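Engineer: File follows, entry10.cif with mmCIF, C-alpha atoms:
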```cif
data_protein
#
loop_
_atom_site.label_atom_id
_atom_site.label_comp_id
_atom_site.auth_asym_id
_atom_site.auth_seq_id
_atom_site.Cartn_x
_atom_site.Cartn_y
_atom_site.Cartn_z
CA MET A 1 56.16 41.84 23.98
CA THR A 2 58.19 38.79 22.95
CA ALA A 3 60.75 38.98 20.16
CA ALA A 4 58.56 36.80 17.93
CA ALA A 5 55.52 39.00 18.54
CA ALA A 6 57.59 42.12 17.82
CA ARG A 7 58.78 40.66 14.51
CA LYS A 8 55.23 39.73 13.55
CA LEU A 9 53.98 43.22 14.38
CA GLN A 10 56.84 44.78 12.42
CA LYS A 11 55.91 42.70 9.37
CA GLU A 12 52.23 43.69 9.66
CA ILE A 13 53.17 47.37 9.91
CA GLU A 14 55.45 47.18 6.89
CA ASN A 15 52.71 45.44 4.92
CA VAL A 16 50.14 48.14 5.73
CA LEU A 17 52.62 50.95 5.02
CA LYS A 18 53.25 49.41 1.58
CA LYS A 19 49.50 49.27 0.93
CA VAL A 20 49.21 52.90 2.01
CA ASP A 21 51.94 53.89 -0.47
CA ASP A 22 50.13 51.99 -3.24
CA GLY A 23 46.79 53.51 -2.24
CA ILE A 24 48.18 57.05 -2.25
CA ASP A 25 49.70 56.45 -5.70
CA GLU A 26 46.32 55.18 -6.92
CA PHE A 27 44.55 58.23 -5.45
CA ALA A 28 47.10 60.54 -7.12
CA GLU A 29 46.40 58.95 -10.53
CA TYR A 30 42.64 59.43 -10.19
CA TRP A 31 43.20 62.93 -8.81
CA GLU A 32 45.17 63.89 -11.90
CA GLN A 33 42.39 62.54 -14.11
CA ALA A 34 39.73 64.38 -12.10
CA THR A 35 41.50 67.73 -12.30
CA ALA A 36 42.00 67.28 -16.06
CA ALA A 37 38.36 66.25 -16.71
CA SER A 38 36.55 68.74 -18.90
CA SER A 39 32.94 67.79 -18.18
CA GLY A 40 30.78 67.40 -15.09
CA PRO A 41 29.76 63.78 -15.79
CA GLN A 42 33.41 62.87 -16.34
CA ARG A 43 34.40 64.39 -13.01
CA GLU A 44 31.53 62.59 -11.27
CA ARG A 45 32.62 59.23 -12.72
CA ILE A 46 36.22 59.75 -11.66
CA GLY A 47 34.94 61.06 -8.31
CA GLU A 48 33.44 57.62 -7.63
CA GLU A 49 36.86 56.04 -8.16
CA LEU A 50 38.41 58.64 -5.87
CA LYS A 51 35.83 57.79 -3.22
CA LYS A 52 36.64 54.06 -3.42
CA SER A 53 40.34 54.86 -3.19
CA ILE A 54 39.97 57.18 -0.18
CA ASN A 55 37.73 54.66 1.61
CA LYS A 56 40.51 52.06 1.39
CA LEU A 57 43.01 54.58 2.74
CA GLN A 58 40.66 55.47 5.60
CA ARG A 59 40.51 51.82 6.66
CA PHE A 60 44.31 51.71 6.77
CA ARG A 61 44.24 54.94 8.79
CA VAL A 62 42.12 53.25 11.47
CA GLN A 63 44.73 50.49 11.82
CA ILE A 64 47.57 53.00 11.83
CA ARG A 65 45.94 54.99 14.64
CA GLU A 66 45.56 51.81 16.70
CA TRP A 67 49.26 51.05 16.31
CA LEU A 68 50.22 54.61 17.19
CA ALA A 69 48.33 54.23 20.46
CA GLN A 70 50.19 51.04 21.37
CA SER A 71 53.15 51.29 23.72
CA GLY A 72 54.94 48.29 22.19
CA VAL A 73 55.55 49.90 18.79
CA GLN A 74 59.12 51.12 18.32
CA SER A 75 59.70 54.85 17.90
CA ASP A 76 61.12 54.57 14.37
CA CYS A 77 58.01 52.64 13.32
CA LYS A 78 55.80 55.24 14.96
CA ASP A 79 57.51 57.95 12.91
CA LYS A 80 56.69 56.06 9.71
CA LEU A 81 53.14 55.42 10.85
CA GLU A 82 52.65 59.08 11.78
CA ASN A 83 53.93 60.15 8.37
CA ALA A 84 51.56 57.69 6.66
CA ARG A 85 48.64 58.95 8.75
CA LYS A 86 49.33 62.55 7.77
CA ARG A 87 49.59 61.65 4.08
CA VAL A 88 46.28 59.78 4.20
CA GLU A 89 44.57 62.66 6.00
CA SER A 90 45.96 65.11 3.44
CA ASP A 91 44.29 63.10 0.67
CA MET A 92 41.12 62.82 2.77
CA GLN A 93 40.99 66.62 2.91
CA ARG A 94 41.65 66.91 -0.83
CA PHE A 95 38.80 64.50 -1.55
CA LYS A 96 36.48 66.37 0.82
CA ASP A 97 37.21 69.64 -0.99
CA PHE A 98 36.74 67.94 -4.37
CA GLU A 99 33.41 66.42 -3.33
CA ARG A 100 32.21 69.74 -1.92
CA ASP A 101 33.14 71.54 -5.14
CA LEU A 102 31.45 68.86 -7.22
CA LYS A 103 28.21 69.12 -5.25
CA THR A 104 28.26 72.92 -5.34
CA LYS A 105 28.63 72.95 -9.12
CA ALA A 106 25.93 70.30 -9.49
CA PHE A 107 23.51 72.37 -7.40
CA SER A 108 24.39 75.53 -9.33
CA THR A 109 23.95 73.86 -12.72
CA ASN A 110 20.68 72.30 -11.62
CA ALA A 111 19.40 75.63 -10.37
CA LEU A 112 20.32 77.43 -13.58
CA ASN A 113 18.77 74.75 -15.78
CA ARG A 114 15.51 74.80 -13.86
CA GLY A 115 15.27 78.57 -13.84
CA ASP A 116 12.96 80.01 -11.21
CA GLU A 117 11.99 76.57 -9.93
CA LEU A 118 15.16 76.36 -7.86
CA GLU A 119 17.17 79.51 -7.25
CA LEU A 120 20.85 79.43 -6.43
CA GLU A 121 20.09 80.57 -2.90
CA ASP A 122 17.73 77.63 -2.44
CA ALA A 123 20.42 75.29 -3.74
CA GLU A 124 22.88 76.68 -1.21
CA LYS A 125 20.34 76.22 1.56
CA GLN A 126 19.72 72.65 0.45
CA ARG A 127 23.47 72.01 0.42
CA TYR A 128 23.78 73.10 4.05
CA GLN A 129 20.72 71.14 5.09
CA GLU A 130 22.27 68.02 3.60
CA TRP A 131 25.63 68.77 5.21
CA LEU A 132 24.04 69.23 8.64
CA ALA A 133 21.99 66.04 8.31
CA GLN A 134 25.02 64.04 7.13
CA THR A 135 27.19 65.43 9.92
CA ILE A 136 24.60 64.55 12.56
CA GLN A 137 24.37 61.04 11.12
CA GLY A 138 28.15 60.71 11.11
CA LEU A 139 28.37 61.73 14.77
CA ASN A 140 25.59 59.30 15.68
CA ASP A 141 27.45 56.50 13.87
CA GLN A 142 30.58 57.33 15.87
CA LEU A 143 28.50 57.34 19.07
CA ASP A 144 27.33 53.81 18.25
CA GLN A 145 30.96 52.75 17.86
CA PHE A 146 31.90 54.36 21.18
CA GLU A 147 29.07 52.46 22.86
CA ALA A 148 30.28 49.20 21.33
CA ASP A 149 33.87 49.89 22.46
CA LEU A 150 32.70 50.68 25.99
CA GLU A 151 30.71 47.46 26.09
CA ILE A 152 33.81 45.49 25.09
CA LEU A 153 35.78 47.16 27.88
CA ALA A 154 32.99 46.57 30.38
CA ASN A 155 33.04 42.84 29.60
CA LYS A 156 36.74 42.51 30.38
CA ARG A 157 37.56 40.80 33.65
CA SER A 158 40.08 43.48 34.55
CA LEU A 159 41.19 46.75 33.01
CA GLY A 160 44.78 47.86 32.64
CA SER A 161 45.82 51.49 32.79
CA ASP A 162 45.50 51.88 28.99
CA ASP A 163 41.99 50.40 29.06
CA LYS A 164 40.93 52.72 31.88
CA ALA A 165 42.30 55.74 30.01
CA ARG A 166 40.48 54.62 26.85
CA GLN A 167 37.26 54.16 28.83
CA GLY A 168 37.48 57.68 30.26
CA ASN A 169 38.28 59.12 26.83
CA LEU A 170 35.30 57.35 25.24
CA ARG A 171 32.94 58.76 27.86
CA THR A 172 34.29 62.25 27.26
CA LEU A 173 33.80 61.80 23.52
CA GLN A 174 30.24 60.60 24.08
CA GLU A 175 29.45 63.77 26.03
CA ARG A 176 31.03 66.00 23.40
CA HIS A 177 29.31 64.23 20.51
CA ARG A 178 25.89 64.56 22.14
CA TRP A 179 26.54 68.28 22.65
CA HIS A 180 27.51 68.75 18.99
CA ILE A 181 24.52 66.73 17.79
CA LYS A 182 22.16 68.85 19.89
CA LYS A 183 23.61 72.09 18.51
CA LEU A 184 23.63 70.85 14.92
CA GLU A 185 20.01 69.68 15.17
CA GLN A 186 19.08 73.14 16.43
CA LEU A 187 20.99 74.71 13.54
CA LEU A 188 19.23 72.45 11.05
CA ARG A 189 15.83 73.59 12.32
CA ALA A 190 17.02 77.19 12.16
CA VAL A 191 18.13 76.71 8.54
CA ASP A 192 14.77 75.11 7.71
CA ASN A 193 13.10 78.25 9.10
CA GLU A 194 15.59 80.55 7.32
CA ALA A 195 16.65 81.94 10.71
CA VAL A 196 20.38 81.48 10.17
CA SER A 197 22.76 83.15 7.75
CA LEU A 198 24.38 80.58 5.48
CA SER A 199 27.55 82.66 5.45
CA ASP A 200 27.73 82.23 9.25
CA LEU A 201 27.40 78.48 8.79
CA ALA A 202 30.24 78.57 6.29
CA VAL A 203 32.47 80.09 8.97
CA ILE A 204 32.08 77.12 11.35
CA ARG A 205 31.82 74.34 8.75
CA ASP A 206 35.54 73.55 8.54
CA SER A 207 35.81 73.47 12.34
CA VAL A 208 32.86 71.09 12.63
CA ASP A 209 34.25 68.86 9.88
CA PHE A 210 37.63 68.87 11.58
CA TYR A 211 36.07 67.74 14.85
CA VAL A 212 34.14 64.93 13.14
CA ASP A 213 37.28 63.66 11.41
CA ASN A 214 39.82 64.18 14.19
CA ASN A 215 37.98 63.98 17.53
CA GLN A 216 39.87 60.84 18.59
CA GLU A 217 43.28 62.40 18.04
CA PRO A 218 45.02 63.07 21.38
CA ASP A 219 45.81 66.67 20.42
CA CYS A 220 42.39 67.49 18.92
CA TYR A 221 41.23 70.85 20.31
CA HIS A 222 37.58 70.97 21.38
CA ASP A 223 36.10 74.45 20.89
CA GLU A 224 33.23 74.93 23.34
CA THR A 225 32.49 78.38 21.88
CA LEU A 226 31.98 77.07 18.34
CA TYR A 227 28.24 77.80 18.22
CA ASP A 228 28.23 80.97 20.32
CA GLY A 229 27.65 83.13 17.24
CA PHE A 230 24.19 81.66 16.70
CA ASP A 231 21.00 82.56 18.55
CA LEU A 232 19.53 79.11 19.14
CA VAL A 233 17.46 79.86 22.24
CA GLU A 234 14.23 79.52 20.27
CA TYR A 235 15.15 75.93 19.33
CA GLU A 236 16.55 74.69 22.66
CA ASP A 237 13.27 73.50 24.13
CA LYS A 238 12.60 71.45 21.00
CA SER A 239 15.90 69.51 21.27
#
```
Using the file provided, produce a representation of the structure as structure tokens.

Structural biologist:
Amino acid sequence: MTAAAARKLQKEIENVLKKVDDGIDEFAEYWEQATAASSGPQRERIGEELKKSINKLQRFRVQIREWLAQSGVQSDCKDKLENARKRVESDMQRFKDFERDLKTKAFSTNALNRGDELELEDAEKQRYQEWLAQTIQGLNDQLDQFEADLEILANKRSLGSDDKARQGNLRTLQERHRWHIKKLEQLLRAVDNEAVSLSDLAVIRDSVDFYVDNNQEPDCYHDETLYDGFDLVEYEDKS
């Protein structure tokens, strides 16, 4: 990398890091309002602002991860980028917990207001059905992106060592994603048929969410025994 290119990259990194700082401050302000809100509608309104804020931070996170993977970025910059990534992911987790809590309370309130029409247990089942469907969709969206990235690499005249490593990693991720999607589709059918304990689903939920959010991290552990606690033989032939 030339000196001019290095200076340009340094300026771009500093600019994004400043935007991350501003975005985290904005998220913190909305977070304080959300935790102080006394009513459900108020929390939902502020939750929309939190979602907009976290979406901006997630876009910066994508750029940060690209820079972290580049060999030309200086080590002191990588330390700052790594710190920014962790701060963004911490707020991503906080928002995920907030959104989950908000939906749980909404389901519970709805169930209580409608009496026997929708029991709390049915609301919990519906919550997991939605989570499974959304997770499957999220993995399929990532699969589409992997396919697009592989196509870009395939169209290159020649591949360097980094490109070849990326290509191999993308193919591994494709295989893993398809395996998770298959298992989650089986679980969704099992939940529809009330053949799975929701408490058992709760045990693996955080691990599944972690995989969806962090599968492209170099140190992301892939647990091939994640679904071993479920008897899904009945649903395998329908996959």

Engineer: For the contact check between range 54-167 of chain A and range 201-224 of chain A, emit one row per residue of range 54-167 of chain A within 10 Å, containing the shortest atom pair and the distance in Å rounded to one decimal, counting all atoms listed in the file, chain then rising number order, as a Markdown table.

Structural biologist:
```
| residue | atom | partner | partner_atom | distance |
| --- | --- | --- | --- | --- |
| A:Arg65 | CA | A:Glu217 | CA | 8.6 |
| A:Ala69 | CA | A:Pro218 | CA | 9.5 |
| A:Glu89 | CA | A:Asp213 | CA | 9.1 |
| A:Met92 | CA | A:Asp213 | CA | 9.5 |
| A:Gln93 | CA | A:Phe210 | CA | 9.6 |
| A:Lys96 | CA | A:Asp209 | CA | 9.7 |
| A:Tyr128 | CA | A:Leu201 | CA | 8.0 |
| A:Trp131 | CA | A:Arg205 | CA | 9.0 |
| A:Leu132 | CA | A:Arg205 | CA | 9.3 |
| A:Thr135 | CA | A:Val212 | CA | 7.7 |
| A:Ile136 | CA | A:Val212 | CA | 9.6 |
| A:Gly138 | CA | A:Val212 | CA | 7.6 |
| A:Leu139 | CA | A:Val212 | CA | 6.8 |
| A:Gln142 | CA | A:Val212 | CA | 8.8 |
```

Engineer: Atoms to include: C-alpha atoms. Write the selected residues as a PDB file, keeping the file's coordinate frame.

Structural biologist:
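Full text of result08.pdb as output:
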```
ATOM      1  CA  ARG A  65      45.940  54.990  14.640  1.00  0.00           C
ATOM      2  CA  ALA A  69      48.330  54.230  20.460  1.00  0.00           C
ATOM      3  CA  GLU A  89      44.570  62.660   6.000  1.00  0.00           C
ATOM      4  CA  MET A  92      41.120  62.820   2.770  1.00  0.00           C
ATOM      5  CA  GLN A  93      40.990  66.620   2.910  1.00  0.00           C
ATOM      6  CA  LYS A  96      36.480  66.370   0.820  1.00  0.00           C
ATOM      7  CA  TYR A 128      23.780  73.100   4.050  1.00  0.00           C
ATOM      8  CA  TRP A 131      25.630  68.770   5.210  1.00  0.00           C
ATOM      9  CA  LEU A 132      24.040  69.230   8.640  1.00  0.00           C
ATOM     10  CA  THR A 135      27.190  65.430   9.920  1.00  0.00           C
ATOM     11  CA  ILE A 136      24.600  64.550  12.560  1.00  0.00           C
ATOM     12  CA  GLY A 138      28.150  60.710  11.110  1.00  0.00           C
ATOM     13  CA  LEU A 139      28.370  61.730  14.770  1.00  0.00           C
ATOM     14  CA  GLN A 142      30.580  57.330  15.870  1.00  0.00           C
TER      15      GLN A 142
END
```

Engineer: Pick from A:Phe95, A:Val73, A:Asp25, A:Ala37: nearest to Glu12 in chain A, with all atoms listed in the file counted?

Structural biologist: A:Val73

Engineer: Excluding range 146-163 of chain A and its own-chain neighbours fewer than 2 positions away, which residues fall within 12 Å of it when counting only C-alpha atoms? Please give them as a PyMOL selection string.

Structural biologist: chain A and resi 69-71+139-144+165-178+215-216

Engineer: With the file shown as input, list the residues that the PyMOL selection byres ((chain A and resi 28) around 12) selects, as a list in words.

Structural biologist: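 For this structure, the PyMOL selection byres ((chain A and resi 28) around 12) resolves to Asp21, Asp22, Gly23, Ile24, Asp25, Glu26, Phe27, Glu29, Tyr30, Trp31, Glu32, Gln33, Ala34, Thr35, Ile46, Glu49, Leu50, Ser53, Ile54, Arg87, Val88, Ser90, Asp91, Met92, Arg94 and Phe95 of chain A.
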
Engineer: Can you list, as a PyMOL selection string, every protein, DNA or RNA residue that comes within 12 Å of Ala195 in chain A when you count only C-alpha atoms, leaving out same-chain residues fewer than 2 positions away?

Structural biologist: chain A and resi 125+186-193+197-198+200-201+230-235

Engineer: Please, could you write that set of residues out with C-alpha atoms as a compact mmCIF listing (two decimals), keeping the file's coordinate frame?

Structural biologist:
```
# COMPACT_ATOMS: atom_id res chain seq x y z
CA LYS A 125 20.34 76.22 1.56
CA GLN A 186 19.08 73.14 16.43
CA LEU A 187 20.99 74.71 13.54
CA LEU A 188 19.23 72.45 11.05
CA ARG A 189 15.83 73.59 12.32
CA ALA A 190 17.02 77.19 12.16
CA VAL A 191 18.13 76.71 8.54
CA ASP A 192 14.77 75.11 7.71
CA ASN A 193 13.10 78.25 9.10
CA SER A 197 22.76 83.15 7.75
CA LEU A 198 24.38 80.58 5.48
CA ASP A 200 27.73 82.23 9.25
CA LEU A 201 27.40 78.48 8.79
CA PHE A 230 24.19 81.66 16.70
CA ASP A 231 21.00 82.56 18.55
CA LEU A 232 19.53 79.11 19.14
CA VAL A 233 17.46 79.86 22.24
CA GLU A 234 14.23 79.52 20.27
CA TYR A 235 15.15 75.93 19.33
```

Engineer: Tell me which of A:Gly72, A:Ala36, A:Val16, A:Glu99 sits closest to Phe60 in chain A, counting only C-alpha atoms.

Structural biologist: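 Nearest candidate to Phe60 in chain A out of A:Gly72, A:Ala36, A:Val16, A:Glu99: A:Val16.
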
Engineer: As a check of understanding, name the residues that the PyMOL selection byres ((chain A and resi 61) around 9) selects in the supplied structure, as a list in words.

Structural biologist: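 Selection result, ordered by chain and number: Val20, Lys56, Leu57, Gln58, Arg59, Phe60, Val62, Gln63, Ile64, Arg65, Glu66, Ala84, Arg85, Val88 and Glu89 of chain A.
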
Engineer: Enter the distance from CA of Gln145 in chain A to CA of Ile181 in chain A, in Å, rounded to one decimal.

Structural biologist: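 Value for the CA of Gln145 in chain A-CA of Ile181 in chain A distance: 15.4 Å.
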
Engineer: Box in all listed atoms of range 155-167 of chain A, axis-aligned, with 8 Å more on each side; write out centre and edge lengths in Å to one decimal as AutoDock Vina command-line options.

Structural biologist:
```
--center_x 39.4 --center_y 48.3 --center_z 30.7 --size_x 28.8 --size_y 30.9 --size_z 23.7
```

Engineer: Of the candidates A:Tyr227, A:Trp179, A:Trp67, A:Phe98, which shows the shortest atom-to-atom distance to Gln10 in chain A, using all atoms listed in the file?

Structural biologist: A:Trp67

Engineer: Using CA of Lys80 in chain A and CA of Leu17 in chain A as the two end points, give the distance in Å to one decimal.

Structural biologist: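 Computing the Euclidean distance for CA of Lys80 in chain A and CA of Leu17 in chain A yields 8.0 Å.
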
Engineer: Take CA of Glu121 in chain A and CA of Gln42 in chain A and report the distance between them in Å, one decimal.

Structural biologist: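 That distance, rounded to one decimal, is 25.9 Å.
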
Engineer: Any idea what's packed within 8 Å of Leu68 in chain A, counting only C-alpha atoms, ignoring anything in its chain fewer than 5 positions away? Could you give it as a VMD selection string?

Structural biologist: chain A and resid 73 78 81 to 82

Engineer: From the list A:Leu102, A:Ala5, A:Ile13, A:Ala123, which residue is nearest Asp79 in chain A when using only C-alpha atoms?

Structural biologist: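 Of the candidates, the smallest distance to Asp79 in chain A is held by A:Ile13.
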
Engineer: Hey, which of A:Lys51, A:Ala4, A:Gln134, A:Leu226 ends up closest to Lys183 in chain A? Count all atoms listed in the file.

Structural biologist: A:Leu226
